[in-house]
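Each remark here refers to the structure printed beneath this line.
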Amino acid sequence: MAKEPLIRVLLIEDDPMVQEVNRMFVEKLSGFTIVGTAATGEEGMVKTRELQPDLILLDIFMPKQDGLSFIKQIREQYMDVDIIAVTAANDTKTIKTLLRYGVMDYLVKPFTFERLKAALTQYEEMFRKMQKEAELSQDSLDEMIKQKQAQANMDDLPKGLHAHTLQQVIERLEELDEPKSAEEIGRDVGLARVTVRRYLNYLESVGQVEMDLTYGSIGRPIQTYKLKQG
């Protein structure tokens with residue numbers, strides 16, 4: 001079986017230290033390769049035309065030409081490249097603008113390797129799927145949208161909750177044929193009942209999970225959980 005080609009990444013970041021950290025992060029992942037770097041939007045535009053990357057990891061606040069004007073120019077010229085934005089700003093206006101320009105994801109500085117890994121892993125799944133299929137079914141589109149929505153929920157987790165653990169709980173819930181208790185879910189994923197309940201309570205608060213009470217023959221009712229449909 002032929003090995004799938006690496007996803008070609010261009011890093012546009014004005015801080016040399018951050019640029020090097022991002023390079024190391026990306027190069028830890030087997031499906032990606034760094035094809036170039038740039039320190040300004042202007043330089044990034046030249047490199048984008050020259051190198052034709054699949055994906056740009058783009059800093060938003062840069063001298064000469066910032067990331068927002070860079071994205072606008074990219075879209076106006078219909079360049080076939082995807083963008084993951086990196087920003088120190090998490091205000092609603094900036095995020096809305098980035099989403100309207102069609103960024104695949106956005107990372108708020110400082111971000112962890114795990115958060116970048118999640119963004120790139122999700123992007124790779126979509127990239128490979130779209131390369132293999134000339135047309136996408138409604139189910140495939142729904143799954144891609146569902147993954148982006150799930151990731152968005154992870155971007156603003158309460159203190160003490162971690163995206164990787166949340167994903168473990170969500171994946172187990174997706175496998176369930178019937179509601180299960182926090183203890184049962186915890187046993188399945190190797191986590192304590194108290195820990196799992198915190199994640200389930202969070203998912204319930206954001207409308208992704210339904211909690212119900214199951215009454216046994218004796219004792220208190222048991223709280224059981226399942227993902228909401230749709």
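By convention in this document, the chains of the structure tokens carry letters A, B, ... by their order, each chain's residues are numbered from 1, and ligands are numbered from 1 in the order they are shown.
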7 Å contact set for Thr40 of chain A, only C-alpha atoms, chain neighbours under 4 positions out, as a count of residues only: 8
Contact residues around Asn201 of chain A with only C-alpha atoms at 12 Å, ignoring same-chain residues under 3 positions, as an NGL selection string: :A and (158 or 161 or 166 or 169 or 182 or 193-198 or 204-211 or 223-226)
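If only C-alpha atoms are the atoms counted, then among A:Leu10, A:Leu176, A:Ala118, A:Leu68 the closest residue to Leu98 of chain A is A:Leu68.
With only C-alpha atoms as the basis for measurement, A:Leu11 is the residue among A:Ile56, A:Met24, A:Leu11, A:Thr92 that approaches Gly36 of chain A most closely.
With only C-alpha atoms as the atoms that count, the minimum distance from Pro53 of chain A to the choices A:Asp66, A:Asp80, A:Glu174, A:Glu27 is reached by A:Asp80.
With distances restricted to only C-alpha atoms, A:Val21 is the closest residue to Pro110 of chain A from A:Ala39, A:Arg172, A:Thr97, A:Val21.
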Neighbour list for Lys3 of chain A as a ChimeraX atom specification, cut-off 12 Å, only C-alpha atoms, skip fewer than 3 positions in-chain: /A:6,30-31
Non-local contacts of Val81 of chain A (10 Å; only C-alpha atoms; under 6 positions in same chain excluded) as a count of residues only: 9
